[in-house]
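> Okay, handing you the structure first.
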Amino acid sequence: MAHKKAVQPIKPAAKEPKSRRQSNIERSSYFARREAAKVLRSVLQGDAHRRAVGSIKTLVYSPTIRNKKATFALVCQTLKYLPVIKDVMEIANVLNSKWKRQEELMYIITYDILFGQDASLTGDAEKYLTLKKGPLQSALAKILVRKGAKRIEDLMAQYQIYDVKKPRYVRVNTLKLDVETAMFELGKENVVQKDDLIPDLLVLPPGTDLHNHPLVTNGSVFMQGKASSMVAVALGPKPGWEVIDACAAPGNKTVHLAALMKGEGKVVACELNKDRVKRLEHTTKLAGAANVEVLHGSFLNLNPEDQLYSKVRAILLDPSCSGSGTVADRLDYLLPSHSSGDGDAADEGRLIKLAAFQKKALIHALSFPAVERVVYSTCSVHQIENEDVIKSVLPLAASYGFQLSTPFPQWARRGLPVVEGSQHLLRTDPVEDKEGFFIALFTRNATRFPESSQKVQRDTTLDNLNNEAVKRHHRPKKFVRSLPFTKFSRLYLHRNLIPRR
């Protein structure tokens, strides 16, 4: 007789051990610290040499950073506490020659030990500094006594670092999505309003985090400030036009132009920097802007007389600038140069160089023979980069038939009264508008042409006259009249060589 095998009761699936869950958190934190260290190194090196690769946000939210939220928090908090961290590490004398080569990583780990959460500090560098926790805390206590502060909050208040609150602006990419649908989707989790000035711009509460929202990741909407969104609208390109974006990367304004043109015509997007070209191409692809042609090269190298650009009707020039109007948005107030006040002389020299380049680029933009509209914009508050540049090119612009026009007439804030026509220039205020931008719009009277264009026309007319003269030379001649070549001769030739209608 066969014996039945006893059926064992099915045990419920075991929960994931706490140690394993913890190891996942530790692994994530480990990589986030290293990604943050990489960003921090770029930020500090760019700040030291006054040649930033990009803003903190641009560097953190690049495609190469995986854990963006944790990385961004670590970079910002470490920069906020960096003056204290440096003093602490110097007093504690914890960095040997080996770890000095990874200075930025050590800053971030020290922040976690002293001010953050050190519960999941794994890794060789983390273990090394954890063993030095006592000296680090002792050094911090000495600083508190020296500064006369009882708490960390009191100590940080002495550095006067303010958190600027501004609305979250989102521009709808109308190449992919209409404004009403975007409002509906974003409104599921947020309060959304339409902007009162820019038709495709939406306004959300300050601090709204949309970096991982599907509409952002698929290019249906772009997180773009209000002033930045005003630039392409001020240029006002029409569908079917040919347009140049002279300094295009990272490409937000480029794809805005493409959307305003309804994907028709062509936008030539120029960018000299190889890495920024990649970012520009990524933005263009994400936006689905098929009418954008990315050109890896300097705008200054484009020949206005080249037939390739003979139909260009509008140019957007948003050149390299100091970025002084977006200090809060770029988080530049966290940088060592900003908090220390160092580098004023270096910054003045840099402004002079920037203004020289800006003037050169604007003159070049105005020289394209078929161009009707040119917008010059900066995210700077400095007169030397704004009104002074406009003032320096006005005589030349007038000789080409250009005049200043008024973008957004309903906007109250205008240019500084240091240049004729300042009432046409547009400024946004860093305090009132939370960012400082400058926009100048040049438009050309259709009956006026630049001198270079007139020269081309004159040369063409002379060529036609010469060809006609050759033909007449080979015709049977009834008689030949010989005259001394004087003003009267020119009049005679002109009358006889131009065909009668």
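Scheme for the structure tokens: letters A, B, ... for chains in order shown; per-chain residue numbers from 1; ligand numbers from 1 in order shown.
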Near Ala440 in chain A, within 6 Å and counting only C-alpha atoms, which residues show up once chain neighbours fewer than 4 positions away are dropped, as a PyMOL selection string?
chain A and resi 375-376+425
> Using only C-alpha atoms, determine which residues lie at most 12 Å from Ser29 in chain A, disregarding the query and same-chain residues fewer than 5 positions distant; provide the list as a VMD selection string.
chain A and resid 22 to 24 34 to 36 66 to 71 73 to 74 108 to 109 112 117 to 123 126
> Show me, as a compact mmCIF listing (two decimals) with all heavy atoms, in the first residue's frame, the residues that have an atom within 7 Å of Leu136 in chain A when counting only C-alpha atoms, minus same-chain residues fewer than 5 positions from it.

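Final file, around.txt:
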# COMPACT_ATOMS: atom_id res chain seq x y z
N VAL A 88 36.81 73.65 9.07
CA VAL A 88 36.81 72.46 9.92
C VAL A 88 37.92 71.51 9.51
O VAL A 88 38.69 71.00 10.35
CB VAL A 88 35.44 71.75 9.85
CG1 VAL A 88 35.54 70.33 10.40
CG2 VAL A 88 34.39 72.54 10.62
N MET A 89 38.05 71.26 8.21
CA MET A 89 39.05 70.29 7.74
C MET A 89 40.46 70.82 7.95
O MET A 89 41.39 70.04 8.21
CB MET A 89 38.80 69.98 6.26
CG MET A 89 37.47 69.29 6.01
SD MET A 89 37.19 68.85 4.28
CE MET A 89 38.11 67.34 4.17
N ALA A 92 41.10 70.47 11.81
CA ALA A 92 41.23 69.06 12.19
C ALA A 92 42.43 68.39 11.52
O ALA A 92 42.90 67.34 12.00
CB ALA A 92 39.95 68.31 11.81
> Hey, what's within 6 Å of range 229-246 of chain A if we count only C-alpha atoms and toss same-chain stuff fewer than 6 positions away? As a PDB file with all heavy atoms, in the first residue's frame, please?

ATOM      1  N   LEU A 257      11.901  78.841 -31.115  1.00  0.00           N
ATOM      2  CA  LEU A 257      11.794  79.417 -32.457  1.00  0.00           C
ATOM      3  C   LEU A 257      11.136  78.427 -33.412  1.00  0.00           C
ATOM      4  O   LEU A 257      10.242  78.792 -34.187  1.00  0.00           O
ATOM      5  CB  LEU A 257      13.179  79.797 -32.984  1.00  0.00           C
ATOM      6  CG  LEU A 257      13.907  80.971 -32.341  1.00  0.00           C
ATOM      7  CD1 LEU A 257      15.334  81.050 -32.858  1.00  0.00           C
ATOM      8  CD2 LEU A 257      13.173  82.290 -32.607  1.00  0.00           C
ATOM      9  N   MET A 261       7.511  78.812 -35.414  1.00  0.00           N
ATOM     10  CA  MET A 261       7.456  78.688 -36.869  1.00  0.00           C
ATOM     11  C   MET A 261       6.648  77.469 -37.304  1.00  0.00           C
ATOM     12  O   MET A 261       6.626  77.117 -38.490  1.00  0.00           O
ATOM     13  CB  MET A 261       8.890  78.610 -37.426  1.00  0.00           C
ATOM     14  CG  MET A 261       9.695  79.882 -37.186  1.00  0.00           C
ATOM     15  SD  MET A 261      11.487  79.648 -37.354  1.00  0.00           S
ATOM     16  CE  MET A 261      11.622  79.206 -39.080  1.00  0.00           C
ATOM     17  N   LYS A 262       6.020  76.796 -36.319  1.00  0.00           N
ATOM     18  CA  LYS A 262       5.164  75.625 -36.566  1.00  0.00           C
ATOM     19  C   LYS A 262       5.902  74.505 -37.300  1.00  0.00           C
ATOM     20  O   LYS A 262       5.309  73.750 -38.089  1.00  0.00           O
ATOM     21  CB  LYS A 262       3.900  76.025 -37.333  1.00  0.00           C
ATOM     22  CG  LYS A 262       3.068  77.084 -36.624  1.00  0.00           C
ATOM     23  CD  LYS A 262       1.782  77.363 -37.356  1.00  0.00           C
ATOM     24  CE  LYS A 262       1.010  78.516 -36.718  1.00  0.00           C
ATOM     25  NZ  LYS A 262       0.689  78.296 -35.301  1.00  0.00           N
ATOM     26  N   GLU A 264       7.929  74.777 -39.686  1.00  0.00           N
ATOM     27  CA  GLU A 264       8.141  75.084 -41.105  1.00  0.00           C
ATOM     28  C   GLU A 264       9.313  76.042 -41.265  1.00  0.00           C
ATOM     29  O   GLU A 264       9.654  76.786 -40.359  1.00  0.00           O
ATOM     30  CB  GLU A 264       6.867  75.707 -41.697  1.00  0.00           C
ATOM     31  CG  GLU A 264       5.646  74.811 -41.583  1.00  0.00           C
ATOM     32  CD  GLU A 264       4.373  75.524 -41.992  1.00  0.00           C
ATOM     33  OE1 GLU A 264       4.461  76.626 -42.562  1.00  0.00           O
ATOM     34  OE2 GLU A 264       3.285  74.979 -41.725  1.00  0.00           O
ATOM     35  N   GLY A 265       9.912  76.050 -42.446  1.00  0.00           N
ATOM     36  CA  GLY A 265      11.089  76.882 -42.666  1.00  0.00           C
ATOM     37  C   GLY A 265      12.327  76.223 -42.101  1.00  0.00           C
ATOM     38  O   GLY A 265      12.413  74.991 -42.016  1.00  0.00           O
ATOM     39  N   LYS A 266      13.297  77.033 -41.676  1.00  0.00           N
ATOM     40  CA  LYS A 266      14.555  76.468 -41.175  1.00  0.00           C
ATOM     41  C   LYS A 266      15.169  77.371 -40.117  1.00  0.00           C
ATOM     42  O   LYS A 266      15.180  78.593 -40.250  1.00  0.00           O
ATOM     43  CB  LYS A 266      15.544  76.285 -42.340  1.00  0.00           C
ATOM     44  CG  LYS A 266      16.874  75.668 -41.911  1.00  0.00           C
ATOM     45  CD  LYS A 266      17.729  75.260 -43.111  1.00  0.00           C
ATOM     46  CE  LYS A 266      18.266  76.445 -43.865  1.00  0.00           C
ATOM     47  NZ  LYS A 266      19.227  76.066 -44.916  1.00  0.00           N
ATOM     48  N   VAL A 267      15.669  76.729 -39.046  1.00  0.00           N
ATOM     49  CA  VAL A 267      16.436  77.427 -38.011  1.00  0.00           C
ATOM     50  C   VAL A 267      17.854  76.880 -38.048  1.00  0.00           C
ATOM     51  O   VAL A 267      18.075  75.693 -37.804  1.00  0.00           O
ATOM     52  CB  VAL A 267      15.843  77.216 -36.607  1.00  0.00           C
ATOM     53  CG1 VAL A 267      16.672  77.967 -35.560  1.00  0.00           C
ATOM     54  CG2 VAL A 267      14.397  77.667 -36.552  1.00  0.00           C
ATOM     55  N   VAL A 268      18.820  77.738 -38.388  1.00  0.00           N
ATOM     56  CA  VAL A 268      20.235  77.339 -38.349  1.00  0.00           C
ATOM     57  C   VAL A 268      20.762  77.667 -36.956  1.00  0.00           C
ATOM     58  O   VAL A 268      20.831  78.834 -36.559  1.00  0.00           O
ATOM     59  CB  VAL A 268      21.054  78.094 -39.416  1.00  0.00           C
ATOM     60  CG1 VAL A 268      22.532  77.691 -39.334  1.00  0.00           C
ATOM     61  CG2 VAL A 268      20.507  77.820 -40.807  1.00  0.00           C
ATOM     62  N   ALA A 269      21.100  76.631 -36.200  1.00  0.00           N
ATOM     63  CA  ALA A 269      21.523  76.794 -34.811  1.00  0.00           C
ATOM     64  C   ALA A 269      23.036  76.639 -34.717  1.00  0.00           C
ATOM     65  O   ALA A 269      23.575  75.544 -34.909  1.00  0.00           O
ATOM     66  CB  ALA A 269      20.833  75.768 -33.918  1.00  0.00           C
ATOM     67  N   CYS A 270      23.730  77.737 -34.428  1.00  0.00           N
ATOM     68  CA  CYS A 270      25.195  77.733 -34.385  1.00  0.00           C
ATOM     69  C   CYS A 270      25.698  77.504 -32.962  1.00  0.00           C
ATOM     70  O   CYS A 270      25.186  78.093 -32.012  1.00  0.00           O
ATOM     71  CB  CYS A 270      25.754  79.066 -34.883  1.00  0.00           C
ATOM     72  SG  CYS A 270      25.211  79.521 -36.539  1.00  0.00           S
ATOM     73  N   PHE A 299      29.304  81.454 -35.231  1.00  0.00           N
ATOM     74  CA  PHE A 299      28.423  82.342 -35.993  1.00  0.00           C
ATOM     75  C   PHE A 299      29.229  83.404 -36.723  1.00  0.00           C
ATOM     76  O   PHE A 299      28.891  83.799 -37.842  1.00  0.00           O
ATOM     77  CB  PHE A 299      27.420  82.990 -35.029  1.00  0.00           C
ATOM     78  CG  PHE A 299      26.670  84.159 -35.609  1.00  0.00           C
ATOM     79  CD1 PHE A 299      25.780  83.980 -36.655  1.00  0.00           C
ATOM     80  CD2 PHE A 299      26.846  85.442 -35.102  1.00  0.00           C
ATOM     81  CE1 PHE A 299      25.086  85.057 -37.193  1.00  0.00           C
ATOM     82  CE2 PHE A 299      26.159  86.519 -35.624  1.00  0.00           C
ATOM     83  CZ  PHE A 299      25.277  86.327 -36.676  1.00  0.00           C
ATOM     84  N   VAL A 312      17.925  84.432 -45.179  1.00  0.00           N
ATOM     85  CA  VAL A 312      17.738  84.545 -43.721  1.00  0.00           C
ATOM     86  C   VAL A 312      17.050  85.865 -43.409  1.00  0.00           C
ATOM     87  O   VAL A 312      17.530  86.935 -43.776  1.00  0.00           O
ATOM     88  CB  VAL A 312      19.094  84.463 -42.980  1.00  0.00           C
ATOM     89  CG1 VAL A 312      18.910  84.783 -41.501  1.00  0.00           C
ATOM     90  CG2 VAL A 312      19.701  83.075 -43.155  1.00  0.00           C
ATOM     91  N   ARG A 313      15.916  85.783 -42.713  1.00  0.00           N
ATOM     92  CA  ARG A 313      15.118  86.980 -42.451  1.00  0.00           C
ATOM     93  C   ARG A 313      15.143  87.428 -40.995  1.00  0.00           C
ATOM     94  O   ARG A 313      14.702  88.545 -40.679  1.00  0.00           O
ATOM     95  CB  ARG A 313      13.663  86.723 -42.883  1.00  0.00           C
ATOM     96  CG  ARG A 313      13.542  86.419 -44.371  1.00  0.00           C
ATOM     97  CD  ARG A 313      12.107  86.164 -44.786  1.00  0.00           C
ATOM     98  NE  ARG A 313      11.285  87.373 -44.677  1.00  0.00           N
ATOM     99  CZ  ARG A 313      10.003  87.417 -45.025  1.00  0.00           C
ATOM    100  NH1 ARG A 313       9.411  86.333 -45.521  1.00  0.00           N
ATOM    101  NH2 ARG A 313       9.312  88.531 -44.895  1.00  0.00           N
ATOM    102  N   ALA A 314      15.640  86.571 -40.097  1.00  0.00           N
ATOM    103  CA  ALA A 314      15.673  86.950 -38.682  1.00  0.00           C
ATOM    104  C   ALA A 314      16.844  86.260 -37.997  1.00  0.00           C
ATOM    105  O   ALA A 314      17.190  85.117 -38.328  1.00  0.00           O
ATOM    106  CB  ALA A 314      14.366  86.573 -37.995  1.00  0.00           C
ATOM    107  N   ILE A 315      17.448  86.954 -37.051  1.00  0.00           N
ATOM    108  CA  ILE A 315      18.575  86.400 -36.282  1.00  0.00           C
ATOM    109  C   ILE A 315      18.338  86.637 -34.797  1.00  0.00           C
ATOM    110  O   ILE A 315      18.029  87.759 -34.380  1.00  0.00           O
ATOM    111  CB  ILE A 315      19.914  87.032 -36.705  1.00  0.00           C
ATOM    112  CG1 ILE A 315      20.240  86.672 -38.155  1.00  0.00           C
ATOM    113  CG2 ILE A 315      21.050  86.580 -35.785  1.00  0.00           C
ATOM    114  CD1 ILE A 315      21.535  87.282 -38.686  1.00  0.00           C
ATOM    115  N   LEU A 316      18.476  85.574 -34.029  1.00  0.00           N
ATOM    116  CA  LEU A 316      18.423  85.672 -32.571  1.00  0.00           C
ATOM    117  C   LEU A 316      19.851  85.587 -32.055  1.00  0.00           C
ATOM    118  O   LEU A 316      20.532  84.581 -32.270  1.00  0.00           O
ATOM    119  CB  LEU A 316      17.572  84.546 -31.975  1.00  0.00           C
ATOM    120  CG  LEU A 316      17.227  84.636 -30.489  1.00  0.00           C
ATOM    121  CD1 LEU A 316      15.963  83.830 -30.181  1.00  0.00           C
ATOM    122  CD2 LEU A 316      18.352  84.135 -29.597  1.00  0.00           C
ATOM    123  N   LEU A 317      20.295  86.637 -31.378  1.00  0.00           N
ATOM    124  CA  LEU A 317      21.651  86.684 -30.831  1.00  0.00           C
ATOM    125  C   LEU A 317      21.567  86.760 -29.311  1.00  0.00           C
ATOM    126  O   LEU A 317      21.235  87.795 -28.751  1.00  0.00           O
ATOM    127  CB  LEU A 317      22.412  87.885 -31.390  1.00  0.00           C
ATOM    128  CG  LEU A 317      23.816  88.128 -30.805  1.00  0.00           C
ATOM    129  CD1 LEU A 317      24.729  86.945 -31.069  1.00  0.00           C
ATOM    130  CD2 LEU A 317      24.423  89.404 -31.370  1.00  0.00           C
ATOM    131  N   VAL A 375      17.172  90.195 -32.793  1.00  0.00           N
ATOM    132  CA  VAL A 375      17.013  90.353 -31.343  1.00  0.00           C
ATOM    133  C   VAL A 375      18.360  90.104 -30.682  1.00  0.00           C
ATOM    134  O   VAL A 375      19.025  89.105 -30.952  1.00  0.00           O
ATOM    135  CB  VAL A 375      15.953  89.387 -30.780  1.00  0.00           C
ATOM    136  CG1 VAL A 375      16.163  89.159 -29.283  1.00  0.00           C
ATOM    137  CG2 VAL A 375      14.563  89.943 -30.991  1.00  0.00           C
ATOM    138  N   PRO A 407       9.717  95.652 -28.167  1.00  0.00           N
ATOM    139  CA  PRO A 407       9.118  94.348 -27.878  1.00  0.00           C
ATOM    140  C   PRO A 407       8.232  94.448 -26.639  1.00  0.00           C
ATOM    141  O   PRO A 407       8.561  95.126 -25.674  1.00  0.00           O
ATOM    142  CB  PRO A 407      10.335  93.460 -27.606  1.00  0.00           C
ATOM    143  CG  PRO A 407      11.389  94.398 -27.104  1.00  0.00           C
ATOM    144  CD  PRO A 407      11.124  95.732 -27.761  1.00  0.00           C
TER     145      PRO A 407
END
> Using DSSP on the backbone coordinates, identify the residues of range 264-314 of chain A assigned to strand (DSSP E or B); present them as a list in words.
Lys266, Val267, Val268, Ala269, Cys270, Glu271, Val292, Glu293, Val294, Leu295, His296, Val312, Arg313 and Ala314 of chain A
> One decimal, Å: what's the distance from CA of Thr217 in chain A over to CA of Asp178 in chain A, could you say?
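Between CA of Thr217 in chain A and CA of Asp178 in chain A the gap works out to 16.5 Å.
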> With only C-alpha atoms as the basis for distance, which of A:Met183, A:Leu129, A:Leu272, A:Leu175 is at the shortest distance from Leu286 in chain A?
A:Leu175
> Within 9 Å of range 356-373 of chain A, counting only C-alpha atoms, which residues show up once you throw out same-chain ones fewer than 2 positions away? Write them as a ChimeraX atom specification, please.
/A:235-237,243,246,299-300,302-305,309-321,351-354,375-376,385,389-390,392-393,396-397,400,402,441-446,449-454
> Excluding same-chain residues fewer than 2 positions from Lys274 in chain A, what lies within 12 Å of it counting only C-alpha atoms, as a PDB file with all heavy atoms, in the first residue's frame?

ATOM      1  N   VAL A  53      31.534  75.874 -16.975  1.00  0.00           N
ATOM      2  CA  VAL A  53      31.062  74.997 -18.046  1.00  0.00           C
ATOM      3  C   VAL A  53      29.548  75.116 -18.171  1.00  0.00           C
ATOM      4  O   VAL A  53      28.988  75.032 -19.259  1.00  0.00           O
ATOM      5  CB  VAL A  53      31.466  73.531 -17.750  1.00  0.00           C
ATOM      6  CG1 VAL A  53      30.909  72.598 -18.799  1.00  0.00           C
ATOM      7  CG2 VAL A  53      32.974  73.415 -17.669  1.00  0.00           C
ATOM      8  N   ALA A 249      23.258  76.817 -28.001  1.00  0.00           N
ATOM      9  CA  ALA A 249      23.193  75.859 -26.897  1.00  0.00           C
ATOM     10  C   ALA A 249      22.784  76.563 -25.600  1.00  0.00           C
ATOM     11  O   ALA A 249      23.131  77.731 -25.400  1.00  0.00           O
ATOM     12  CB  ALA A 249      24.552  75.169 -26.726  1.00  0.00           C
ATOM     13  N   PRO A 250      22.032  75.875 -24.734  1.00  0.00           N
ATOM     14  CA  PRO A 250      21.633  74.466 -24.799  1.00  0.00           C
ATOM     15  C   PRO A 250      20.450  74.159 -25.708  1.00  0.00           C
ATOM     16  O   PRO A 250      20.123  72.997 -25.924  1.00  0.00           O
ATOM     17  CB  PRO A 250      21.272  74.158 -23.333  1.00  0.00           C
ATOM     18  CG  PRO A 250      20.791  75.447 -22.785  1.00  0.00           C
ATOM     19  CD  PRO A 250      21.637  76.508 -23.448  1.00  0.00           C
ATOM     20  N   CYS A 270      23.730  77.737 -34.428  1.00  0.00           N
ATOM     21  CA  CYS A 270      25.195  77.733 -34.385  1.00  0.00           C
ATOM     22  C   CYS A 270      25.698  77.504 -32.962  1.00  0.00           C
ATOM     23  O   CYS A 270      25.186  78.093 -32.012  1.00  0.00           O
ATOM     24  CB  CYS A 270      25.754  79.066 -34.883  1.00  0.00           C
ATOM     25  SG  CYS A 270      25.211  79.521 -36.539  1.00  0.00           S
ATOM     26  N   GLU A 271      26.718  76.682 -32.828  1.00  0.00           N
ATOM     27  CA  GLU A 271      27.365  76.474 -31.534  1.00  0.00           C
ATOM     28  C   GLU A 271      28.811  76.039 -31.769  1.00  0.00           C
ATOM     29  O   GLU A 271      29.071  75.099 -32.519  1.00  0.00           O
ATOM     30  CB  GLU A 271      26.625  75.418 -30.713  1.00  0.00           C
ATOM     31  CG  GLU A 271      27.259  75.125 -29.359  1.00  0.00           C
ATOM     32  CD  GLU A 271      27.482  76.373 -28.517  1.00  0.00           C
ATOM     33  OE1 GLU A 271      26.532  77.166 -28.343  1.00  0.00           O
ATOM     34  OE2 GLU A 271      28.626  76.565 -28.036  1.00  0.00           O
ATOM     35  N   LEU A 272      29.728  76.723 -31.112  1.00  0.00           N
ATOM     36  CA  LEU A 272      31.152  76.476 -31.317  1.00  0.00           C
ATOM     37  C   LEU A 272      31.678  75.342 -30.442  1.00  0.00           C
ATOM     38  O   LEU A 272      32.491  74.531 -30.876  1.00  0.00           O
ATOM     39  CB  LEU A 272      31.943  77.766 -31.037  1.00  0.00           C
ATOM     40  CG  LEU A 272      33.455  77.711 -31.218  1.00  0.00           C
ATOM     41  CD1 LEU A 272      33.821  77.339 -32.657  1.00  0.00           C
ATOM     42  CD2 LEU A 272      34.082  79.053 -30.851  1.00  0.00           C
ATOM     43  N   ARG A 276      28.770  71.397 -25.939  1.00  0.00           N
ATOM     44  CA  ARG A 276      27.478  72.079 -25.974  1.00  0.00           C
ATOM     45  C   ARG A 276      26.702  71.762 -27.257  1.00  0.00           C
ATOM     46  O   ARG A 276      25.475  71.831 -27.275  1.00  0.00           O
ATOM     47  CB  ARG A 276      27.684  73.588 -25.809  1.00  0.00           C
ATOM     48  CG  ARG A 276      28.088  73.960 -24.390  1.00  0.00           C
ATOM     49  CD  ARG A 276      28.532  75.416 -24.277  1.00  0.00           C
ATOM     50  NE  ARG A 276      27.480  76.357 -24.573  1.00  0.00           N
ATOM     51  CZ  ARG A 276      26.537  76.736 -23.709  1.00  0.00           C
ATOM     52  NH1 ARG A 276      26.523  76.221 -22.485  1.00  0.00           N
ATOM     53  NH2 ARG A 276      25.619  77.616 -24.039  1.00  0.00           N
ATOM     54  N   VAL A 277      27.412  71.409 -28.313  1.00  0.00           N
ATOM     55  CA  VAL A 277      26.737  70.959 -29.528  1.00  0.00           C
ATOM     56  C   VAL A 277      25.941  69.690 -29.238  1.00  0.00           C
ATOM     57  O   VAL A 277      24.796  69.530 -29.694  1.00  0.00           O
ATOM     58  CB  VAL A 277      27.751  70.711 -30.669  1.00  0.00           C
ATOM     59  CG1 VAL A 277      27.128  69.887 -31.796  1.00  0.00           C
ATOM     60  CG2 VAL A 277      28.246  72.029 -31.230  1.00  0.00           C
ATOM     61  N   LYS A 278      26.535  68.787 -28.474  1.00  0.00           N
ATOM     62  CA  LYS A 278      25.840  67.545 -28.112  1.00  0.00           C
ATOM     63  C   LYS A 278      24.568  67.853 -27.326  1.00  0.00           C
ATOM     64  O   LYS A 278      23.517  67.239 -27.542  1.00  0.00           O
ATOM     65  CB  LYS A 278      26.764  66.648 -27.287  1.00  0.00           C
ATOM     66  CG  LYS A 278      27.949  66.097 -28.061  1.00  0.00           C
ATOM     67  CD  LYS A 278      28.841  65.254 -27.170  1.00  0.00           C
ATOM     68  CE  LYS A 278      30.063  64.751 -27.929  1.00  0.00           C
ATOM     69  NZ  LYS A 278      30.979  63.981 -27.047  1.00  0.00           N
ATOM     70  N   ARG A 279      24.668  68.806 -26.406  1.00  0.00           N
ATOM     71  CA  ARG A 279      23.492  69.199 -25.626  1.00  0.00           C
ATOM     72  C   ARG A 279      22.436  69.831 -26.536  1.00  0.00           C
ATOM     73  O   ARG A 279      21.232  69.571 -26.391  1.00  0.00           O
ATOM     74  CB  ARG A 279      23.930  70.193 -24.544  1.00  0.00           C
ATOM     75  CG  ARG A 279      22.796  70.665 -23.641  1.00  0.00           C
ATOM     76  CD  ARG A 279      22.408  69.579 -22.654  1.00  0.00           C
ATOM     77  NE  ARG A 279      21.224  69.963 -21.915  1.00  0.00           N
ATOM     78  CZ  ARG A 279      21.226  70.754 -20.846  1.00  0.00           C
ATOM     79  NH1 ARG A 279      22.367  71.235 -20.388  1.00  0.00           N
ATOM     80  NH2 ARG A 279      20.100  71.037 -20.217  1.00  0.00           N
ATOM     81  N   LEU A 280      22.866  70.629 -27.473  1.00  0.00           N
ATOM     82  CA  LEU A 280      21.957  71.267 -28.428  1.00  0.00           C
ATOM     83  C   LEU A 280      21.248  70.222 -29.280  1.00  0.00           C
ATOM     84  O   LEU A 280      20.025  70.293 -29.501  1.00  0.00           O
ATOM     85  CB  LEU A 280      22.740  72.253 -29.303  1.00  0.00           C
ATOM     86  CG  LEU A 280      22.013  72.941 -30.443  1.00  0.00           C
ATOM     87  CD1 LEU A 280      20.842  73.754 -29.931  1.00  0.00           C
ATOM     88  CD2 LEU A 280      22.977  73.823 -31.233  1.00  0.00           C
ATOM     89  N   GLU A 281      21.994  69.252 -29.762  1.00  0.00           N
ATOM     90  CA  GLU A 281      21.405  68.184 -30.578  1.00  0.00           C
ATOM     91  C   GLU A 281      20.406  67.371 -29.770  1.00  0.00           C
ATOM     92  O   GLU A 281      19.346  66.969 -30.276  1.00  0.00           O
ATOM     93  CB  GLU A 281      22.509  67.288 -31.142  1.00  0.00           C
ATOM     94  CG  GLU A 281      23.362  67.972 -32.213  1.00  0.00           C
ATOM     95  CD  GLU A 281      24.545  67.139 -32.644  1.00  0.00           C
ATOM     96  OE1 GLU A 281      24.985  66.262 -31.859  1.00  0.00           O
ATOM     97  OE2 GLU A 281      25.058  67.360 -33.764  1.00  0.00           O
ATOM     98  N   VAL A 294      21.583  71.977 -36.931  1.00  0.00           N
ATOM     99  CA  VAL A 294      22.657  72.301 -35.986  1.00  0.00           C
ATOM    100  C   VAL A 294      23.965  72.471 -36.754  1.00  0.00           C
ATOM    101  O   VAL A 294      24.355  71.604 -37.533  1.00  0.00           O
ATOM    102  CB  VAL A 294      22.803  71.204 -34.915  1.00  0.00           C
ATOM    103  CG1 VAL A 294      24.000  71.498 -34.009  1.00  0.00           C
ATOM    104  CG2 VAL A 294      21.526  71.114 -34.082  1.00  0.00           C
ATOM    105  N   LEU A 295      24.628  73.596 -36.516  1.00  0.00           N
ATOM    106  CA  LEU A 295      25.891  73.899 -37.185  1.00  0.00           C
ATOM    107  C   LEU A 295      26.989  74.015 -36.141  1.00  0.00           C
ATOM    108  O   LEU A 295      26.971  74.913 -35.295  1.00  0.00           O
ATOM    109  CB  LEU A 295      25.770  75.207 -37.968  1.00  0.00           C
ATOM    110  CG  LEU A 295      27.006  75.658 -38.761  1.00  0.00           C
ATOM    111  CD1 LEU A 295      27.349  74.646 -39.838  1.00  0.00           C
ATOM    112  CD2 LEU A 295      26.765  77.028 -39.379  1.00  0.00           C
ATOM    113  N   HIS A 296      27.944  73.088 -36.180  1.00  0.00           N
ATOM    114  CA  HIS A 296      29.069  73.115 -35.237  1.00  0.00           C
ATOM    115  C   HIS A 296      30.118  74.092 -35.760  1.00  0.00           C
ATOM    116  O   HIS A 296      30.954  73.745 -36.592  1.00  0.00           O
ATOM    117  CB  HIS A 296      29.654  71.714 -35.077  1.00  0.00           C
ATOM    118  CG  HIS A 296      30.785  71.645 -34.094  1.00  0.00           C
ATOM    119  ND1 HIS A 296      31.639  70.561 -33.994  1.00  0.00           N
ATOM    120  CD2 HIS A 296      31.213  72.538 -33.155  1.00  0.00           C
ATOM    121  CE1 HIS A 296      32.538  70.801 -33.057  1.00  0.00           C
ATOM    122  NE2 HIS A 296      32.295  71.985 -32.543  1.00  0.00           N
ATOM    123  N   GLY A 297      30.057  75.305 -35.289  1.00  0.00           N
ATOM    124  CA  GLY A 297      30.991  76.326 -35.725  1.00  0.00           C
ATOM    125  C   GLY A 297      30.583  77.675 -35.181  1.00  0.00           C
ATOM    126  O   GLY A 297      29.507  77.843 -34.606  1.00  0.00           O
ATOM    127  N   SER A 298      31.449  78.656 -35.379  1.00  0.00           N
ATOM    128  CA  SER A 298      31.190  79.998 -34.868  1.00  0.00           C
ATOM    129  C   SER A 298      30.267  80.770 -35.799  1.00  0.00           C
ATOM    130  O   SER A 298      30.445  80.761 -37.023  1.00  0.00           O
ATOM    131  CB  SER A 298      32.503  80.762 -34.696  1.00  0.00           C
ATOM    132  OG  SER A 298      32.264  82.122 -34.393  1.00  0.00           O
TER     133      SER A 298
END
> Using only C-alpha atoms, which of A:Gly219, A:Pro167, A:Gly225, A:Pro83 sits nearest Ile198 in chain A?
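Nearest candidate to Ile198 in chain A out of A:Gly219, A:Pro167, A:Gly225, A:Pro83: A:Gly225.
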> May I ask for the distance between CA of Gly187 in chain A and CA of Thr326 in chain A, given in Å to one decimal place?
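Result for CA of Gly187 in chain A versus CA of Thr326 in chain A: 27.5 Å, one decimal.
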> Using only C-alpha atoms, I'd like a table of the residues in range 342-397 of chain A that come within 10 Å of range 427-435 of chain A; for each, show the closest atom pair and its distance in Å rounded to one decimal, ordered by chain and ascending number, as a tab-separated table.

residue	atom	partner	partner_atom	distance
A:Ser377	CA	A:Arg427	CA	9.7
A:Thr378	CA	A:Arg427	CA	9.7
A:Cys379	CA	A:Glu435	CA	7.8
A:Ser380	CA	A:Glu435	CA	9.0
A:Val381	CA	A:Pro430	CA	8.1
A:Asn386	CA	A:Arg427	CA	9.4
